>>> print(open('final33.cif').read())   # mmCIF, C-alpha atoms and all ligand atoms
data_run
#
loop_
_atom_site.label_atom_id
_atom_site.label_comp_id
_atom_site.auth_asym_id
_atom_site.auth_seq_id
_atom_site.Cartn_x
_atom_site.Cartn_y
_atom_site.Cartn_z
CA MET T 1 0.00 0.00 0.00
CA LYS T 2 1.29 3.44 -0.95
CA ASN T 3 0.85 6.38 1.45
CA ASN T 4 0.84 9.77 -0.31
CA PHE T 5 1.25 11.92 2.78
CA THR T 6 4.79 13.29 3.16
CA TYR T 7 6.02 13.32 6.76
CA ASP T 8 8.68 15.74 7.95
CA TYR T 9 10.56 12.91 9.66
CA ILE T 10 10.43 9.16 9.55
CA ILE T 11 12.21 7.53 12.47
CA VAL T 12 13.09 3.85 12.14
CA GLY T 13 13.18 1.89 15.40
CA GLY T 14 10.85 1.93 18.38
CA GLY T 15 13.46 1.46 21.08
CA ILE T 16 14.20 4.11 23.67
CA VAL T 17 16.58 6.04 21.38
CA GLY T 18 14.13 6.34 18.47
CA LEU T 19 11.25 7.19 20.78
CA SER T 20 13.16 9.79 22.79
CA ILE T 21 14.30 11.53 19.60
CA ALA T 22 10.74 11.50 18.25
CA TYR T 23 9.41 12.85 21.55
CA LYS T 24 11.93 15.68 21.90
CA LEU T 25 11.64 16.68 18.24
CA GLN T 26 7.85 16.72 18.54
CA LYS T 27 7.96 18.66 21.80
CA LYS T 28 10.28 21.33 20.38
CA TYR T 29 8.48 21.56 17.02
CA PRO T 30 4.83 20.61 17.67
CA ASN T 31 3.80 21.12 14.03
CA LEU T 32 6.28 18.61 12.64
CA THR T 33 4.72 15.41 11.38
CA ILE T 34 6.70 12.40 12.51
CA CYS T 35 6.18 8.75 11.69
CA LEU T 36 8.00 6.14 13.77
CA LEU T 37 8.23 2.67 12.22
CA GLU T 38 8.93 -0.37 14.40
CA LYS T 39 9.24 -3.87 13.02
CA GLU T 40 7.95 -5.69 16.10
CA LYS T 41 4.36 -5.82 17.30
CA LYS T 42 5.23 -3.72 20.34
CA LEU T 43 7.66 -0.95 21.27
CA SER T 44 10.85 -1.55 23.28
CA PHE T 45 10.84 -5.22 22.31
CA HIS T 46 14.62 -5.57 22.11
CA GLN T 47 17.46 -3.89 24.06
CA SER T 48 15.30 -1.15 25.57
CA GLY T 49 12.89 -3.63 27.13
CA ARG T 50 15.44 -6.26 28.09
CA ASN T 51 18.07 -4.32 29.98
CA SER T 52 19.00 -4.15 33.65
CA GLY T 53 16.68 -1.22 34.32
CA VAL T 54 19.45 0.80 35.92
CA ILE T 55 19.72 4.59 35.79
CA HIS T 56 23.47 4.86 35.38
CA SER T 57 25.39 7.62 37.09
CA GLY T 58 28.18 8.25 34.55
CA LEU T 59 30.89 6.72 36.72
CA TYR T 60 32.88 4.64 34.28
CA TYR T 61 33.09 6.58 31.05
CA GLU T 62 36.05 8.41 29.52
CA PRO T 63 35.63 12.08 30.55
CA ASN T 64 34.33 14.24 27.69
CA SER T 65 33.29 11.20 25.66
CA LEU T 66 29.74 11.25 24.30
CA ARG T 67 28.86 8.53 26.81
CA ALA T 68 30.13 10.53 29.79
CA LYS T 69 28.46 13.79 28.76
CA ASN T 70 25.15 12.29 27.70
CA CYS T 71 24.90 9.93 30.64
CA VAL T 72 25.24 12.66 33.24
CA ASN T 73 22.96 15.07 31.40
CA GLY T 74 20.53 12.34 30.32
CA ARG T 75 20.23 10.95 33.84
CA LYS T 76 19.18 14.33 35.20
CA GLN T 77 16.64 14.79 32.41
CA LEU T 78 15.32 11.23 32.80
CA VAL T 79 14.77 11.69 36.52
CA GLU T 80 12.95 15.00 35.97
CA PHE T 81 10.84 13.46 33.20
CA SER T 82 9.94 10.44 35.34
CA LYS T 83 9.09 12.59 38.34
CA PHE T 84 6.91 14.89 36.24
CA HIS T 85 5.03 12.01 34.60
CA ASN T 86 4.80 9.96 37.76
CA LEU T 87 6.72 6.99 36.36
CA ASN T 88 8.06 4.17 38.46
CA TYR T 89 11.67 4.97 39.36
CA GLU T 90 13.84 5.26 42.43
CA ILE T 91 17.27 6.76 43.14
CA THR T 92 18.74 4.02 45.27
CA GLY T 93 22.49 4.60 45.03
CA LYS T 94 24.82 1.73 44.26
CA ILE T 95 28.04 0.17 45.45
CA VAL T 96 30.85 -0.98 43.20
CA VAL T 97 32.87 -3.57 45.08
CA ALA T 98 36.45 -4.88 44.81
CA THR T 99 36.84 -8.47 45.96
CA ASN T 100 40.51 -9.09 45.11
CA GLN T 101 43.85 -7.26 44.88
CA ASP T 102 43.64 -6.79 41.12
CA GLU T 103 40.25 -5.07 41.43
CA LEU T 104 41.48 -3.09 44.43
CA SER T 105 44.15 -1.49 42.24
CA ARG T 106 41.41 -0.11 39.96
CA VAL T 107 39.16 1.42 42.64
CA LYS T 108 40.92 4.77 42.81
CA GLY T 109 41.00 5.20 39.01
CA ILE T 110 37.25 4.59 38.72
CA TYR T 111 36.54 6.91 41.65
CA GLU T 112 38.61 9.68 40.05
CA ARG T 113 36.86 9.21 36.74
CA GLY T 114 33.53 9.59 38.52
CA LYS T 115 34.74 12.83 40.09
CA LEU T 116 35.89 14.11 36.69
CA ASN T 117 32.44 13.27 35.34
CA GLY T 118 30.90 15.52 37.99
CA LEU T 119 29.54 12.91 40.42
CA ASN T 120 29.32 14.77 43.70
CA GLY T 121 29.03 12.67 46.81
CA ILE T 122 30.73 9.54 45.52
CA ARG T 123 33.19 8.14 48.01
CA ILE T 124 35.52 5.23 48.56
CA ILE T 125 34.19 2.92 51.26
CA ASP T 126 35.85 0.17 53.30
CA SER T 127 34.60 -3.33 54.06
CA HIS T 128 32.63 -2.13 57.14
CA GLU T 129 30.77 0.52 55.18
CA ILE T 130 30.06 -2.00 52.42
CA LYS T 131 28.41 -4.19 55.09
CA GLU T 132 26.43 -1.25 56.47
CA ILE T 133 25.02 -0.49 53.01
CA GLU T 134 24.59 -4.12 51.89
CA PRO T 135 24.87 -6.50 54.87
CA HIS T 136 25.29 -9.64 52.73
CA ILE T 137 28.01 -8.27 50.46
CA GLN T 138 31.68 -8.89 51.10
CA GLY T 139 34.45 -6.76 49.63
CA ILE T 140 37.84 -5.28 50.42
CA LYS T 141 36.96 -1.76 49.26
CA GLY T 142 34.29 -0.16 47.19
CA ILE T 143 32.77 3.01 45.81
CA TRP T 144 29.45 4.42 46.97
CA VAL T 145 27.62 6.16 44.11
CA PRO T 146 24.54 8.05 45.33
CA GLN T 147 23.24 9.05 41.86
CA SER T 148 22.37 5.56 40.53
CA GLY T 149 18.82 4.30 40.44
CA ILE T 150 16.28 1.93 38.95
CA ILE T 151 13.49 2.41 36.43
CA ASP T 152 11.26 0.54 34.01
CA TYR T 153 12.53 1.59 30.57
CA SER T 154 9.53 0.06 28.77
CA GLU T 155 7.27 2.35 30.78
CA VAL T 156 9.43 5.33 29.73
CA CYS T 157 9.15 4.25 26.06
CA ASN T 158 5.36 3.96 26.26
CA LYS T 159 5.14 7.40 27.85
CA PHE T 160 7.20 8.92 25.00
CA ALA T 161 4.84 7.29 22.48
CA GLU T 162 1.76 8.57 24.30
CA LEU T 163 3.12 12.14 24.43
CA ILE T 164 4.13 12.22 20.75
CA LYS T 165 0.57 11.36 19.68
CA LYS T 166 -0.86 13.82 22.17
CA ILE T 167 1.29 16.73 20.94
CA ASN T 168 0.54 16.11 17.25
CA PRO T 169 -2.27 13.72 16.34
CA LYS T 170 -1.03 13.77 12.72
CA SER T 171 2.14 11.97 13.81
CA SER T 172 2.02 8.18 13.89
CA ILE T 173 3.72 5.28 15.56
CA ILE T 174 3.35 2.17 13.47
CA THR T 175 4.36 -1.26 14.73
CA ASN T 176 4.66 -4.47 12.67
CA SER T 177 6.46 -2.36 10.05
CA GLU T 178 9.90 -3.56 9.11
CA VAL T 179 11.83 -1.16 6.91
CA ILE T 180 13.55 -3.11 4.17
CA SER T 181 14.84 -0.36 1.87
CA PHE T 182 14.64 3.33 1.07
CA THR T 183 15.51 5.79 -1.66
CA LYS T 184 16.29 9.49 -1.61
CA GLY T 185 14.70 11.56 -4.38
CA ILE T 186 12.81 14.85 -4.03
CA ASP T 187 11.34 13.11 -0.99
CA CYS T 188 12.76 10.10 0.79
CA LYS T 189 10.74 6.97 0.09
CA ILE T 190 10.85 4.22 2.63
CA PHE T 191 9.61 0.68 1.96
CA THR T 192 8.34 -1.78 4.53
CA ARG T 193 7.21 -5.30 3.63
CA ASN T 194 3.69 -4.15 2.73
CA GLU T 195 3.73 -0.37 2.44
CA SER T 196 5.72 2.65 1.35
CA PHE T 197 5.99 6.02 3.10
CA LEU T 198 7.25 9.44 2.07
CA SER T 199 9.30 11.75 4.24
CA LYS T 200 11.55 14.79 3.93
CA ASN T 201 14.10 13.37 6.38
CA LEU T 202 15.06 10.04 7.93
CA ILE T 203 16.48 9.08 11.31
CA PHE T 204 17.65 5.51 11.87
CA CYS T 205 17.71 4.05 15.37
CA GLY T 206 17.83 0.35 14.55
CA GLY T 207 19.79 -0.90 17.58
CA LEU T 208 21.11 -4.35 16.71
CA PHE T 209 20.55 -3.62 13.01
CA SER T 210 22.02 -0.12 12.86
CA ASP T 211 24.90 -1.24 10.63
CA ARG T 212 22.63 -2.86 8.04
CA LEU T 213 20.41 0.24 7.81
CA ALA T 214 23.53 2.40 7.46
CA LYS T 215 24.82 0.16 4.68
CA ILE T 216 21.67 0.83 2.59
CA ASP T 217 22.50 4.54 2.97
CA LYS T 218 26.16 3.87 2.03
CA VAL T 219 27.52 5.12 5.35
CA ASN T 220 29.70 3.26 7.85
CA LYS T 221 31.75 0.77 5.98
CA ASN T 222 34.02 0.35 8.95
CA MET T 223 32.01 -0.98 11.85
CA ARG T 224 29.99 -4.13 12.32
CA ILE T 225 27.44 -4.97 14.98
CA VAL T 226 27.75 -8.32 16.74
CA GLY T 227 25.35 -9.48 19.42
CA PHE T 228 26.39 -10.44 22.93
CA ARG T 229 23.62 -12.15 24.88
CA GLY T 230 23.28 -11.49 28.58
CA ASP T 231 21.37 -14.00 30.72
CA TYR T 232 19.94 -13.14 34.10
CA PHE T 233 19.01 -15.22 37.11
CA LYS T 234 16.39 -14.12 39.63
CA LEU T 235 16.73 -14.37 43.38
CA ASN T 236 13.91 -16.45 44.84
CA ASP T 237 11.58 -14.75 47.34
CA SER T 238 13.38 -16.19 50.36
CA ALA T 239 16.76 -14.83 49.10
CA LYS T 240 15.66 -11.37 47.98
CA LYS T 241 16.54 -9.91 51.37
CA LYS T 242 20.21 -10.59 50.63
CA ILE T 243 20.28 -7.58 48.29
CA ARG T 244 18.94 -4.15 49.18
CA ASN T 245 19.67 -2.17 46.01
CA LEU T 246 22.43 -2.24 43.39
CA VAL T 247 25.71 -4.11 43.75
CA TYR T 248 28.33 -4.13 40.98
CA PRO T 249 31.82 -5.64 40.73
CA ILE T 250 34.81 -3.50 39.72
CA PRO T 251 34.68 -3.86 35.91
CA ASN T 252 37.53 -5.35 33.94
CA PRO T 253 38.77 -2.52 31.66
CA LYS T 254 39.62 -5.03 28.93
CA PHE T 255 35.94 -5.77 28.29
CA PRO T 256 33.00 -3.50 27.41
CA PHE T 257 30.77 -5.09 30.06
CA LEU T 258 30.20 -4.13 33.67
CA GLY T 259 30.31 -7.70 35.00
CA VAL T 260 27.49 -9.68 36.58
CA HIS T 261 25.76 -7.54 39.16
CA PHE T 262 22.77 -7.55 41.48
CA THR T 263 19.86 -5.27 40.67
CA ARG T 264 16.71 -4.65 42.63
CA MET T 265 14.10 -3.97 39.96
CA VAL T 266 11.25 -1.48 40.34
CA ASP T 267 8.77 -4.37 40.78
CA GLY T 268 10.70 -5.54 43.87
CA SER T 269 12.33 -8.57 42.25
CA VAL T 270 16.12 -8.97 42.37
CA GLU T 271 18.05 -9.96 39.26
CA CYS T 272 21.64 -11.12 38.91
CA GLY T 273 23.55 -10.91 35.66
CA PRO T 274 23.99 -10.40 32.80
CA ASN T 275 26.85 -12.51 31.48
CA ALA T 276 28.16 -11.75 27.98
CA VAL T 277 28.05 -14.54 25.41
CA PHE T 278 28.62 -14.16 21.65
CA THR T 279 25.29 -14.97 19.99
CA PHE T 280 24.60 -16.56 16.61
CA LYS T 281 21.38 -14.54 16.26
CA ARG T 282 21.30 -10.78 16.81
CA GLU T 283 17.87 -10.86 18.39
CA GLY T 284 18.13 -14.40 19.76
CA TYR T 285 17.27 -14.77 23.41
CA GLY T 286 17.59 -18.56 23.67
CA LYS T 287 20.93 -20.25 24.32
CA LEU T 288 20.77 -22.22 21.06
CA ASP T 289 19.24 -19.59 18.78
CA PHE T 290 20.80 -19.37 15.33
CA ASN T 291 20.36 -17.19 12.27
CA PHE T 292 22.40 -17.84 9.15
CA LYS T 293 22.73 -14.22 7.99
CA ASP T 294 23.67 -12.93 11.44
CA THR T 295 26.23 -15.69 11.89
CA TYR T 296 27.68 -15.19 8.39
CA ASP T 297 27.90 -11.42 8.94
CA ALA T 298 29.74 -11.89 12.23
CA LEU T 299 32.07 -14.70 11.22
CA SER T 300 33.00 -13.28 7.82
CA TYR T 301 34.24 -10.11 9.53
CA GLN T 302 37.90 -9.96 10.48
CA GLY T 303 37.09 -7.84 13.57
CA THR T 304 35.12 -10.72 15.12
CA TRP T 305 38.03 -13.17 14.77
CA LYS T 306 40.50 -10.65 16.12
CA LEU T 307 38.21 -10.11 19.12
CA PHE T 308 37.94 -13.90 19.63
CA PHE T 309 41.71 -14.46 19.43
CA LYS T 310 42.45 -11.65 21.86
CA ASN T 311 39.82 -12.72 24.38
CA TRP T 312 39.42 -16.47 23.87
CA LYS T 313 39.77 -17.26 27.57
CA PHE T 314 37.11 -14.75 28.64
CA GLY T 315 34.80 -15.96 25.82
CA LEU T 316 35.21 -19.60 26.77
CA ASN T 317 34.50 -18.90 30.44
CA GLU T 318 31.37 -16.94 29.56
CA TYR T 319 30.17 -19.82 27.37
CA ARG T 320 30.71 -22.36 30.11
CA ARG T 321 28.93 -20.13 32.58
CA ALA T 322 25.96 -19.70 30.23
CA PHE T 323 25.29 -23.42 30.48
CA SER T 324 26.15 -23.91 34.16
CA LYS T 325 24.16 -22.46 37.03
CA LYS T 326 26.94 -23.61 39.34
CA LEU T 327 29.55 -21.49 37.56
CA PHE T 328 27.21 -18.51 37.45
CA LEU T 329 26.71 -18.87 41.20
CA LYS T 330 30.49 -19.05 41.71
CA GLU T 331 30.85 -15.61 40.09
CA LEU T 332 28.01 -14.15 42.17
CA LYS T 333 29.45 -15.60 45.37
CA LYS T 334 32.56 -13.44 44.98
CA LEU T 335 30.27 -10.56 45.98
CA CYS T 336 27.68 -12.40 48.05
CA PRO T 337 29.34 -15.45 49.63
CA LYS T 338 26.22 -16.73 51.37
CA LEU T 339 24.25 -17.13 48.17
CA LYS T 340 23.08 -20.73 47.55
CA ILE T 341 22.19 -22.51 44.33
CA SER T 342 18.60 -22.87 45.57
CA ASP T 343 18.41 -19.04 45.78
CA LEU T 344 18.55 -18.72 41.98
CA SER T 345 15.91 -19.25 39.29
CA PRO T 346 16.54 -18.71 35.57
CA GLY T 347 15.45 -15.27 34.42
CA ARG T 348 15.21 -13.39 31.14
CA SER T 349 17.88 -12.52 28.54
CA GLY T 350 18.86 -9.50 26.50
CA VAL T 351 21.25 -9.04 23.60
CA ARG T 352 23.63 -6.08 23.48
CA ALA T 353 24.62 -4.54 20.16
CA ILE T 354 28.42 -4.37 20.23
CA ALA T 355 30.10 -2.29 17.52
CA LEU T 356 33.32 -3.94 16.38
CA LEU T 357 36.10 -2.28 14.43
CA PRO T 358 38.13 -4.26 11.85
CA ASN T 359 41.05 -4.56 14.31
CA GLY T 360 38.85 -6.39 16.82
CA GLU T 361 38.52 -3.42 19.17
CA VAL T 362 35.10 -2.57 20.53
CA PHE T 363 34.05 0.97 19.64
CA ASP T 364 33.06 2.06 23.11
CA ASP T 365 31.35 5.41 22.61
CA PHE T 366 28.08 6.53 21.07
CA LYS T 367 28.37 7.01 17.31
CA ILE T 368 25.94 9.25 15.48
CA ILE T 369 26.43 10.09 11.81
CA LYS T 370 24.73 12.73 9.70
CA ASN T 371 24.31 12.01 6.01
CA ASN T 372 22.35 13.74 3.28
CA ARG T 373 18.84 14.13 4.86
CA SER T 374 19.43 11.21 7.16
CA ILE T 375 20.92 10.61 10.58
CA HIS T 376 22.12 7.23 11.80
CA ILE T 377 22.46 6.24 15.44
CA LEU T 378 25.12 3.71 14.68
CA ASN T 379 26.21 2.79 18.15
CA ALA T 380 24.13 3.30 21.27
CA PRO T 381 25.43 0.86 23.89
CA SER T 382 24.81 1.13 27.62
CA PRO T 383 24.16 3.71 29.10
CA ALA T 384 22.07 4.80 26.08
CA ALA T 385 18.81 4.10 27.93
CA THR T 386 19.85 6.41 30.77
CA SER T 387 21.17 8.94 28.23
CA CYS T 388 18.24 8.84 25.78
CA LEU T 389 16.92 12.37 26.35
CA SER T 390 20.39 13.85 26.01
CA ILE T 391 21.09 11.79 22.87
CA ALA T 392 17.86 13.28 21.49
CA ASP T 393 19.20 16.80 22.18
CA HIS T 394 22.43 15.89 20.40
CA VAL T 395 20.49 14.70 17.34
CA ILE T 396 18.28 17.81 17.31
CA ASN T 397 21.45 19.91 17.45
CA LEU T 398 22.79 18.07 14.42
CA ILE T 399 19.53 18.74 12.58
CA GLU T 400 19.47 22.43 13.50
CA ASN T 401 23.09 23.00 12.53
C1 LIG T 501 21.32 -6.93 28.79
C2 LIG T 501 21.38 -5.42 28.69
C3 LIG T 501 21.47 -4.64 29.86
C4 LIG T 501 21.52 -3.25 29.78
N1 LIG T 501 21.43 -2.50 30.91
C5 LIG T 501 21.30 -1.15 30.80
C6 LIG T 501 21.01 -0.36 31.95
O1 LIG T 501 20.79 -0.88 33.03
N2 LIG T 501 20.96 0.99 31.80
C7 LIG T 501 21.17 1.60 30.59
O2 LIG T 501 21.14 2.83 30.52
N3 LIG T 501 21.39 0.86 29.47
C8 LIG T 501 21.42 -0.48 29.55
N4 LIG T 501 21.59 -1.23 28.44
C9 LIG T 501 21.74 -0.57 27.14
C10 LIG T 501 20.41 -0.04 26.61
O3 LIG T 501 19.36 -0.92 26.84
C11 LIG T 501 20.57 0.23 25.12
O4 LIG T 501 21.73 1.02 24.95
C12 LIG T 501 19.36 0.96 24.54
O5 LIG T 501 18.20 0.25 24.85
C13 LIG T 501 19.51 1.09 23.04
O6 LIG T 501 18.29 1.58 22.55
P1 LIG T 501 17.97 1.57 21.01
O7 LIG T 501 16.68 2.26 20.82
O8 LIG T 501 19.17 2.09 20.28
O9 LIG T 501 17.92 0.02 20.62
P2 LIG T 501 16.72 -1.03 20.73
O10 LIG T 501 16.03 -0.95 22.02
O11 LIG T 501 17.31 -2.36 20.37
O12 LIG T 501 15.71 -0.56 19.63
C14 LIG T 501 15.97 -0.67 18.25
C15 LIG T 501 14.63 -0.94 17.59
O13 LIG T 501 14.76 -0.84 16.19
C16 LIG T 501 13.91 -1.82 15.62
N5 LIG T 501 14.35 -2.06 14.27
C17 LIG T 501 15.55 -2.57 13.87
N6 LIG T 501 15.60 -2.67 12.53
C18 LIG T 501 14.41 -2.22 12.07
C19 LIG T 501 13.85 -2.10 10.75
N7 LIG T 501 14.52 -2.45 9.67
N8 LIG T 501 12.59 -1.61 10.64
C20 LIG T 501 11.88 -1.22 11.74
N9 LIG T 501 12.35 -1.35 13.00
C21 LIG T 501 13.61 -1.82 13.16
C22 LIG T 501 14.05 -3.01 16.54
O14 LIG T 501 12.97 -3.92 16.42
C23 LIG T 501 14.11 -2.33 17.90
O15 LIG T 501 12.85 -2.24 18.52
C24 LIG T 501 21.54 -2.63 28.49
C25 LIG T 501 21.43 -3.42 27.33
C26 LIG T 501 21.32 -4.79 27.42
C27 LIG T 501 21.10 -5.60 26.17
#
>>> encode(input="final33.cif", output="structure tokens", more="lines below")
Ligand SMILES: Cc1cc2nc3c(=O)[nH]c(=O)nc-3n(C[C@H](O)[C@H](O)[C@H](O)COP(=O)(O)OP(=O)(O)OC[C@H]3O[C@@H](n4cnc5c(N)ncnc54)[C@H](O)[C@@H]3O)c2cc1C
Amino acid sequence: MKNNFTYDYIIVGGGIVGLSIAYKLQKKYPNLTICLLEKEKKLSFHQSGRNSGVIHSGLYYEPNSLRAKNCVNGRKQLVEFSKFHNLNYEITGKIVVATNQDELSRVKGIYERGKLNGLNGIRIIDSHEIKEIEPHIQGIKGIWVPQSGIIDYSEVCNKFAELIKKINPKSSIITNSEVISFTKGIDCKIFTRNESFLSKNLIFCGGLFSDRLAKIDKVNKNMRIVGFRGDYFKLNDSAKKKIRNLVYPIPNPKFPFLGVHFTRMVDGSVECGPNAVFTFKREGYGKLDFNFKDTYDALSYQGTWKLFFKNWKFGLNEYRRAFSKKLFLKELKKLCPKLKISDLSPGRSGVRAIALLPNGEVFDDFKIIKNNRSIHILNAPSPAATSCLSIADHVINLIEN
């Protein structure tokens, strides 16, 4: 079916990044007509609805990087937005805990980075203070971060969608609409499986498929997305009291993951995870999921093999842990020694979009590219959910300039 109406903007992708950009653009320019196209039957079906639900503080990121700036600014905006719209969130604070000498040597560096990123009130804590904050957690030293919190990102996404339609009823959010190609003539023409749409401008926020959408537009020949699945376990009701809020390990700087952590969710449940396992299907949430194209794309790319060779030991351990509750527990027990196998039940999974460079390095900042009448959010890893409103400002700036 052909639609003759020409929108001002078509945004591809109904995750938190696409929705926040649509919301902020609509709020600033209420007369703009925006159409958001999402391939799934509901919004926030992938990364945005399958994450840890943590409002990140901005502790870990390279000062002045896009991640550092947008996380700090985005967190403040997200909290204000959630307060104003009465969404379910809580600023709980978190502890980041060192459990061995190697981690201990990294505590000060992370603390100083947090200070440089403007986190007032963070402080280094000793084992007694760790116990006062989280009585069941054991560590040599740690960092108390008062700014961190918890939220339901799917609720945030639905609120953005509701507000967009309220501000301009001519704008639309269409699910079950997978974009398969587009052309740029006088207007941009975008094709889904069953329909075509016209628009003056395009914004692509395809998450795990950002590289493929960019390829159609002939941008980004250098970066490929590979999926890393993260599995969670849940603490059973009788064990939930072992965790009050948020407990993280000191991250290993060699890897782009924060390590398995404990998270109290806004619904009161407590999750532990996620691990980080290379997946053979970008949007595959089962341990044995496989997709030929995704696997071919990943394994025919030199960056993937370079990453594997450099980190084979880490990768192997993560794989073993994905299939063994006992090994998962062993990792968790480093932080919470009294945890028992009977405390854990299998939980959900999410897949992170990891942007790999040809040399096997992970590109660890946000990457946003402007092309002729289109903008691509090429890389929006964690903390993009926390940062979404600030990322939207960044994109609007690109449009205005
Ligand atoms: C396990 C895990 C834990 C995380 N924890 C946190 C956390 O605690 N805090 C935090 O801030 N961040 C966290 N993150 C990161 C955060 O969730 C992501 O950075 C963020 O959700 C990215 O949003 P997005 O909109 O770019 O991607 P997505 O949410 O993946 O959305 C992209 C959307 O585009 C759609 N799409 C793709 N291709 C097409 C197409 N051709 N046509 C139409 N639609 C298309 C997809 O269906 C999808 O809905 C975590 C991520 C994971 C996976």
>>> closest_residue(input="final33.cif", among="T:Tyr23, T:Phe5, T:Phe323, T:Phe366", to="ligand LIG 501 (chain T)", atoms="all atoms listed in the file")
T:Phe366
>>> residues_near_ligand(input="final33.cif", ligand="ligand LIG 501 (chain T)", cutoff="7 Å", atoms="all atoms listed in the file", output="PyMOL selection string")
chain T and resi 12-18+37-40+43-56+177-180+205-210+213+229-230+274+349-352+380-387
>>> atom_distance(input="final33.cif", atom1="atom CA of Ala298 of chain T", atom2="atom CA of Val395 of chain T")
28.6 Å
>>> closest_atom_pairs(input="final33.cif", of="segment 91-135 of chain T", to="segment 59-66 of chain T", cutoff="8 Å", atoms="only C-alpha atoms", output="tab-separated table")
residue	atom	partner	partner_atom	distance
T:Ile110	CA	T:Tyr60	CA	6.2
T:Tyr111	CA	T:Leu59	CA	7.5
T:Arg113	CA	T:Leu59	CA	6.5
T:Gly114	CA	T:Leu59	CA	4.3
T:Lys115	CA	T:Leu59	CA	8.0
T:Leu116	CA	T:Pro63	CA	6.5
T:Asn117	CA	T:Pro63	CA	5.9
T:Leu119	CA	T:Leu59	CA	7.3
>>> closest_residue(input="final33.cif", among="T:Lys287, T:Lys338, T:Arg67, T:His394", to="Arg321 of chain T", atoms="all atoms listed in the file")
T:Lys287
>>> closest_residue(input="final33.cif", among="T:Leu335, T:Phe280, T:Ile354, T:Lys240", to="Pro256 of chain T", atoms="only C-alpha atoms")
T:Ile354
>>> closest_residue(input="final33.cif", among="T:Ile10, T:Leu104, T:Val362, T:Cys188", to="Lys310 of chain T", atoms="only C-alpha atoms")
T:Val362
>>> closest_residue(input="final33.cif", among="T:Gly284, T:Asn245, T:Arg224, T:Leu332", to="Glu361 of chain T", atoms="all atoms listed in the file")
T:Arg224
>>> atom_distance(input="final33.cif", atom1="atom CA of Ile377 of chain T", atom2="atom CA of Gly360 of chain T")
20.7 Å
>>> closest_residue(input="final33.cif", among="T:Pro346, T:Asp217, T:Gly142, T:Met265", to="Ala322 of chain T", atoms="all atoms listed in the file")
T:Pro346
>>> atom_distance(input="final33.cif", atom1="atom CA of Gly286 of chain T", atom2="atom CA of Gly347 of chain T")
11.4 Å
>>> residues_around(input="final33.cif", residues="Lys94 of chain T", least_positions_apart="3", cutoff="7 Å", atoms="all atoms listed in the file", output="PyMOL selection string")
chain T and resi 144-146+148+245-247
>>> residues_around(input="final33.cif", residues="Phe255 of chain T", least_positions_apart="3", cutoff="12 Å", atoms="only C-alpha atoms", output="ChimeraX atom specification")
/T:228,250-252,258-259,275-276,307,310-311,314-315,354,360-364
>>> residues_around(input="final33.cif", residues="Asn73 of chain T", least_positions_apart="3", cutoff="10 Å", atoms="all atoms listed in the file", output="MDAnalysis selection string")
chainID T and resid 57:58 67:70 76:78 386:391
>>> residues_around(input="final33.cif", residues="Lys306 of chain T", least_positions_apart="6", cutoff="10 Å", atoms="all atoms listed in the file", output="list in words")
Trp312, Leu356, Leu357, Pro358, Asn359, Gly360 and Glu361 of chain T
